[in-house]
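Notes for the one structure printed next.
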Amino acid sequence: MKHKQFGPKGWTLDNLGPQAGKTYVITGGNAGAGYQATRILLTKGAKVIMLNRSAERSEAAVKDLKAEFGADAQVSYIRMDLSDLASVRQAATELLAHTSQIDALICNAAIAQVPTQKFTKDGFESQLGTNHYGHFVLCGMLFDLLDKSHGRIVVVASLGYKLGIRTIQFDDMNWDKNYSANPVYSQSKLAQMMFAYELQDKVKAANKNVKVYVCHPGASATSLISTSGGFLTRAVWWFMSKTPMVQSAERGAFPEVMCATADGLAERAFYGPTKRMETVGPVGEGTLEPYAYDKAVMSNLWDVSEEATGFKWKI
């Protein structure tokens with residue numbers, strides 16, 4: 001039974017209550033849906049810490065947000081490059097040194113449709129390394145504080161998880177033999193979802209105080225394609241973003257803000273727009289394909305991820 005608690009209009013900003021006293025951490029908060037999620041949370045008095053790759057763009061975002069919400073707006077950033085695990089560890093360490101509470105960690109940042117095979121600093125295929133491995137280590141390092149805060153982890157995935165091989169290519173995680181931009185992006189988003197659903201099982205087994213939710217922005221005018229896609233992909237996306245087929249970045253931020261704040265959500269679920277093949281429209285619970293929580297694959301991916309990153313979760 002789908003959750004219909006938000007009515008025919010779905011979750012909207014009208015459902016978001018006061019957020020004063022709450023602290024949110026978001027990756028990729030200086031552009032696109034991440035920036036809009038930051039804005040939305042600030043409108044309700046929350047404190048937001050962005051973890052972003054570009055210091056220059058982060059400083060510009062903080063300046064713009066303080067201009068909009070006042071000099072006292074509680075928004076800041078820590079520089080972090082998800083594609084560099086040393087950077088992830090350093091940012092998490094810095095965050096833990098200055099933060100005593102995290103109400104939700106929103107794993108929003110991603111790269112997509114990288115046209116030719118590239119590698120992270122740690123030697124991983126760039127999309128898997130950035131989207132999955134980077135967040136895997138970040139969530140692990142912040143987990144104890146999230147548990148102490150009775151907080152949440154929100155994984156921002158993509159409908160693109162349906163467009164690949166629908167499992168994990170364990171025998172060639174870097175796709176050396178068959179690299180192609182879209183299937184590899186699909187794999188990275190499926191890996192993020194499997195991480196989240198496996199973490200739900202581990203949290204339940206260990207009786208921890210962290211909720212884990214998975215969502216997607218639908219077809220939204222974010223900066224994702226324009227920052228990492230090939231020329232043709234960028235051109236097609238630019239054209240589509242000018243049509244009614246694509247909703248605003250603010251609308252694209254609704255699912256992640258909902259998952260970070262709303263009560264009564266199911267965990268083994270996939271939240272996002274619910275109309276036009278779940279690409280736009282009212283935000284609620286959508287369709288979740290069973291292979292996204294195949295237990296044997298999820299468990300294996302967890303073990304492979306710990307070994308690859310050298311990070312052992314304590315849960």
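A note on labels: chains of the structure tokens are A, B, ... as shown, every chain counts residues from 1, and ligands are counted from 1 in their shown order.
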Fill in: Exercise: A:Ala33 partners within 7 Å, only C-alpha atoms, chain neighbours under 4 positions left out, as a list in words
Ala37, Thr222, Ala249, Glu250, Gly252 and Ala253 of chain A
Fill in: Residue neighbourhood A:Ser58, 9 Å, only C-alpha atoms, exclusion window fewer than 3 positions, as a list in words
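Here the qualifying residues turn out to be Gly29, Asn30, Ala31, Met50, Leu51, Asn52, Arg53, Ser54, Ala55, Ala61, Val62, Lys63, Ser76, Tyr77, Ile78 and Arg79 of chain A.
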Worksheet entry | Long-range neighbours of A:Ile40 as a VMD selection string, 10 Å cut-off, only C-alpha atoms, 6 positions minimum in chain | chain A and resid 13 16 34 46 250 253 to 254 257
Worksheet entry | Residue among A:Val184, A:Leu41, A:Leu138, A:Ala206 lying closest to A:Asp84, counting only C-alpha atoms | A:Leu138
Give me the stretch 144-227 of chain A side of the contact with stretch 297-307 of chain A, cut-off 9 Å, one line per residue showing its nearest atom pair and distance in Å at one decimal, counting only C-alpha atoms, sorted by chain and residue number, as JSON lines.
{"residue": "A:Thr167", "atom": "CA", "partner": "A:Val297", "partner_atom": "CA", "distance": 7.3}
{"residue": "A:Ile168", "atom": "CA", "partner": "A:Val297", "partner_atom": "CA", "distance": 7.2}
{"residue": "A:Phe170", "atom": "CA", "partner": "A:Leu301", "partner_atom": "CA", "distance": 8.1}
{"residue": "A:Ala191", "atom": "CA", "partner": "A:Leu301", "partner_atom": "CA", "distance": 7.6}
{"residue": "A:Met194", "atom": "CA", "partner": "A:Met298", "partner_atom": "CA", "distance": 5.3}
{"residue": "A:Phe195", "atom": "CA", "partner": "A:Met298", "partner_atom": "CA", "distance": 6.7}
{"residue": "A:Tyr197", "atom": "CA", "partner": "A:Met298", "partner_atom": "CA", "distance": 7.8}
{"residue": "A:Glu198", "atom": "CA", "partner": "A:Met298", "partner_atom": "CA", "distance": 5.9}
{"residue": "A:Leu199", "atom": "CA", "partner": "A:Trp302", "partner_atom": "CA", "distance": 8.9}
Worksheet item: What is the atom CA of A:Ala71 to atom CA of A:Glu56 distance in Å?
Response: 18.9 Å
Worksheet item: Quick one: of A:Asn108, A:Pro273, A:Asp64, A:Asp122, who's nearest to A:Ala86, counting only C-alpha atoms?
Response: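 Of the candidates, the smallest distance to A:Ala86 is held by A:Asp122.
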Discussion item. Please determine, counting only C-alpha atoms, which residue among A:Ala196, A:Phe124, A:Gly264, A:Ala205 has the shortest atom-to-atom distance to A:Asp172.
Written reply: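 The shortest atom-to-atom distance to A:Asp172 comes from A:Phe124.
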Practice prompt. Have a look at atom CA of A:Pro115 and atom CA of A:Ser87 and let me know their distance in Å, one decimal.
Written response: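 Computing the Euclidean distance for atom CA of A:Pro115 and atom CA of A:Ser87 yields 24.6 Å.
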Fill in: Non-local contacts of A:Thr93 (12 Å; only C-alpha atoms; under 3 positions in same chain excluded) as a list in words
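So, after excluding close chain neighbours, the residues are Ile78, Arg79, Met80, Ala86, Ser87, Val88, Arg89, Gln90, Leu96, Ala97, His98, Thr99, Val137, Leu138, Gly140, Met141, Leu142 and Leu145 of chain A.
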Item to complete: Could you find all residues in stretch 90-294 of chain A that DSSP calls helix (DSSP H, G or I) from the backbone, and write them as number ranges by chain?
Response: A: 90-98, 126-148, 159-163, 170-172, 181-206, 224-228, 231-240, 249-261, 290-293
Would you mind exporting the chosen residues as an mmCIF file, in the first residue's frame, restricted to C-alpha atoms?
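Final output, saved to again37.cif:
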data_model
loop_
_atom_site.group_PDB
_atom_site.id
_atom_site.type_symbol
_atom_site.label_atom_id
_atom_site.label_comp_id
_atom_site.auth_asym_id
_atom_site.auth_seq_id
_atom_site.Cartn_x
_atom_site.Cartn_y
_atom_site.Cartn_z
ATOM 1 C CA GLN A 90 39.229 15.059 6.111
ATOM 2 C CA ALA A 91 35.864 16.818 5.625
ATOM 3 C CA ALA A 92 34.070 14.336 7.880
ATOM 4 C CA THR A 93 36.733 14.765 10.567
ATOM 5 C CA GLU A 94 36.400 18.556 10.372
ATOM 6 C CA LEU A 95 32.623 18.333 10.530
ATOM 7 C CA LEU A 96 32.696 16.049 13.579
ATOM 8 C CA ALA A 97 35.063 18.444 15.349
ATOM 9 C CA HIS A 98 32.618 21.339 15.075
ATOM 10 C CA SER A 126 34.603 7.886 -11.706
ATOM 11 C CA GLN A 127 30.812 7.566 -11.435
ATOM 12 C CA LEU A 128 30.846 4.600 -9.040
ATOM 13 C CA GLY A 129 33.742 6.100 -7.095
ATOM 14 C CA THR A 130 32.091 9.498 -6.672
ATOM 15 C CA ASN A 131 28.426 8.623 -6.329
ATOM 16 C CA HIS A 132 28.715 5.428 -4.281
ATOM 17 C CA TYR A 133 32.135 4.946 -2.667
ATOM 18 C CA GLY A 134 32.486 8.591 -1.602
ATOM 19 C CA HIS A 135 29.098 8.613 0.099
ATOM 20 C CA PHE A 136 29.707 5.118 1.547
ATOM 21 C CA VAL A 137 32.712 6.411 3.506
ATOM 22 C CA LEU A 138 31.063 9.727 4.416
ATOM 23 C CA CYS A 139 27.954 8.028 5.831
ATOM 24 C CA GLY A 140 30.126 5.581 7.734
ATOM 25 C CA MET A 141 32.217 8.299 9.349
ATOM 26 C CA LEU A 142 29.163 10.344 10.368
ATOM 27 C CA PHE A 143 27.009 7.378 11.406
ATOM 28 C CA ASP A 144 27.707 7.465 15.160
ATOM 29 C CA LEU A 145 26.755 11.139 15.373
ATOM 30 C CA LEU A 146 23.638 10.495 13.287
ATOM 31 C CA ASP A 147 22.754 7.643 15.648
ATOM 32 C CA LYS A 148 23.294 9.852 18.690
ATOM 33 C CA LEU A 159 15.245 6.688 -12.140
ATOM 34 C CA GLY A 160 18.313 5.862 -14.198
ATOM 35 C CA TYR A 161 18.915 2.867 -11.925
ATOM 36 C CA LYS A 162 16.456 1.029 -14.209
ATOM 37 C CA LEU A 163 18.434 1.644 -17.390
ATOM 38 C CA PHE A 170 31.234 -7.548 -9.627
ATOM 39 C CA ASP A 171 33.719 -9.139 -12.040
ATOM 40 C CA ASP A 172 34.598 -5.749 -13.583
ATOM 41 C CA ALA A 181 28.287 6.331 -20.003
ATOM 42 C CA ASN A 182 24.642 5.529 -19.269
ATOM 43 C CA PRO A 183 24.900 1.906 -18.060
ATOM 44 C CA VAL A 184 27.768 2.860 -15.741
ATOM 45 C CA TYR A 185 25.821 5.832 -14.348
ATOM 46 C CA SER A 186 22.859 3.471 -13.845
ATOM 47 C CA GLN A 187 25.152 1.065 -11.986
ATOM 48 C CA SER A 188 26.397 3.829 -9.674
ATOM 49 C CA LYS A 189 22.850 4.880 -8.729
ATOM 50 C CA LEU A 190 21.756 1.260 -8.221
ATOM 51 C CA ALA A 191 24.788 0.823 -5.954
ATOM 52 C CA GLN A 192 23.713 3.845 -3.888
ATOM 53 C CA MET A 193 20.217 2.405 -3.496
ATOM 54 C CA MET A 194 21.523 -1.037 -2.542
ATOM 55 C CA PHE A 195 23.810 0.572 0.025
ATOM 56 C CA ALA A 196 20.822 2.372 1.553
ATOM 57 C CA TYR A 197 18.579 -0.688 1.697
ATOM 58 C CA GLU A 198 21.364 -2.863 3.128
ATOM 59 C CA LEU A 199 22.070 -0.149 5.705
ATOM 60 C CA GLN A 200 18.385 -0.222 6.693
ATOM 61 C CA ASP A 201 18.754 -3.943 7.438
ATOM 62 C CA LYS A 202 21.948 -3.396 9.422
ATOM 63 C CA VAL A 203 20.413 -0.525 11.423
ATOM 64 C CA LYS A 204 17.426 -2.692 12.308
ATOM 65 C CA ALA A 205 19.614 -5.663 13.307
ATOM 66 C CA ALA A 206 21.834 -3.459 15.492
ATOM 67 C CA LEU A 224 23.990 17.377 -13.031
ATOM 68 C CA ILE A 225 24.176 16.721 -16.780
ATOM 69 C CA SER A 226 25.760 20.074 -17.602
ATOM 70 C CA THR A 227 28.668 19.477 -15.229
ATOM 71 C CA SER A 228 29.746 15.983 -16.266
ATOM 72 C CA PHE A 231 28.474 17.479 -25.482
ATOM 73 C CA LEU A 232 25.512 15.755 -27.159
ATOM 74 C CA THR A 233 23.960 14.764 -23.832
ATOM 75 C CA ARG A 234 24.352 18.329 -22.560
ATOM 76 C CA ALA A 235 22.804 19.779 -25.721
ATOM 77 C CA VAL A 236 19.782 17.467 -25.634
ATOM 78 C CA TRP A 237 19.285 18.103 -21.912
ATOM 79 C CA TRP A 238 19.524 21.878 -22.392
ATOM 80 C CA PHE A 239 16.749 21.685 -24.992
ATOM 81 C CA MET A 240 14.563 19.395 -22.848
ATOM 82 C CA ALA A 249 15.335 22.463 -9.635
ATOM 83 C CA GLU A 250 13.247 23.588 -6.656
ATOM 84 C CA ARG A 251 10.599 20.960 -7.439
ATOM 85 C CA GLY A 252 13.420 18.473 -7.880
ATOM 86 C CA ALA A 253 14.535 19.240 -4.330
ATOM 87 C CA PHE A 254 11.156 18.393 -2.779
ATOM 88 C CA PRO A 255 11.777 14.612 -2.454
ATOM 89 C CA GLU A 256 15.073 15.015 -0.585
ATOM 90 C CA VAL A 257 13.690 17.695 1.732
ATOM 91 C CA MET A 258 10.635 15.518 2.397
ATOM 92 C CA CYS A 259 12.823 12.507 3.205
ATOM 93 C CA ALA A 260 14.966 14.645 5.516
ATOM 94 C CA THR A 261 12.028 16.061 7.474
ATOM 95 C CA PRO A 290 12.677 -5.672 -6.376
ATOM 96 C CA TYR A 291 16.167 -6.145 -7.829
ATOM 97 C CA ALA A 292 17.185 -2.889 -6.125
ATOM 98 C CA TYR A 293 17.013 -4.696 -2.788
#
Practice prompt. Going by DSSP on the backbone, which bits of stretch 75-167 of chain A are strand (DSSP E)? Write them as a list in words, please.
Written response: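 Selection result, strand (DSSP E) within stretch 75-167 of chain A: Val75, Ser76, Tyr77, Ile78, Arg79, Ala104, Leu105, Ile106, Cys107, Arg152, Ile153, Val154, Val155 and Val156 of chain A.
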Discussion item. Please list as a PyMOL selection string every residue within 9 Å of A:Ala262, counting only C-alpha atoms and excluding residues in the same chain fewer than 6 positions away.
Written reply: chain A and resi 11+15-17
Go ahead and save the residues from that selection, with N, CA and C atoms, as a compact mmCIF listing (two decimals), in the first residue's frame.
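Result saved to selection-v5.txt:
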# COMPACT_ATOMS: atom_id res chain seq x y z
N TRP A 11 3.59 15.79 -1.38
CA TRP A 11 4.31 16.61 -0.40
C TRP A 11 4.67 17.94 -1.05
N ASN A 15 3.88 21.33 3.75
CA ASN A 15 4.03 20.25 4.72
C ASN A 15 5.27 20.39 5.60
N LEU A 16 6.11 21.37 5.28
CA LEU A 16 7.36 21.54 6.01
C LEU A 16 7.18 22.48 7.19
N GLY A 17 7.36 21.94 8.39
CA GLY A 17 7.21 22.75 9.60
C GLY A 17 8.47 23.50 9.95
Worksheet item: So how far away is atom CA of A:Pro18 from atom CA of A:Cys107, in Å?
Response: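 The value is 22.0 Å.
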Worksheet entry | Selection: 10 Å around A:Thr279, only C-alpha atoms, excl. self and same-chain fewer than 2 positions, as a list in words |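 Residues near the query, excluding close chain neighbours: Leu159, His216, Pro217, Gly218, Ala219, Ser220, Met245, Val246, Gln247, Gly252, Gly272, Pro273, Thr274, Lys275, Arg276, Met277, Gly281, Pro282 and Val283 of chain A.
Nearest to A:Lys44 of all the residues A:Ala104, A:Leu85, A:Ile26, A:Ala73 is A:Ala73, based on only C-alpha atoms.
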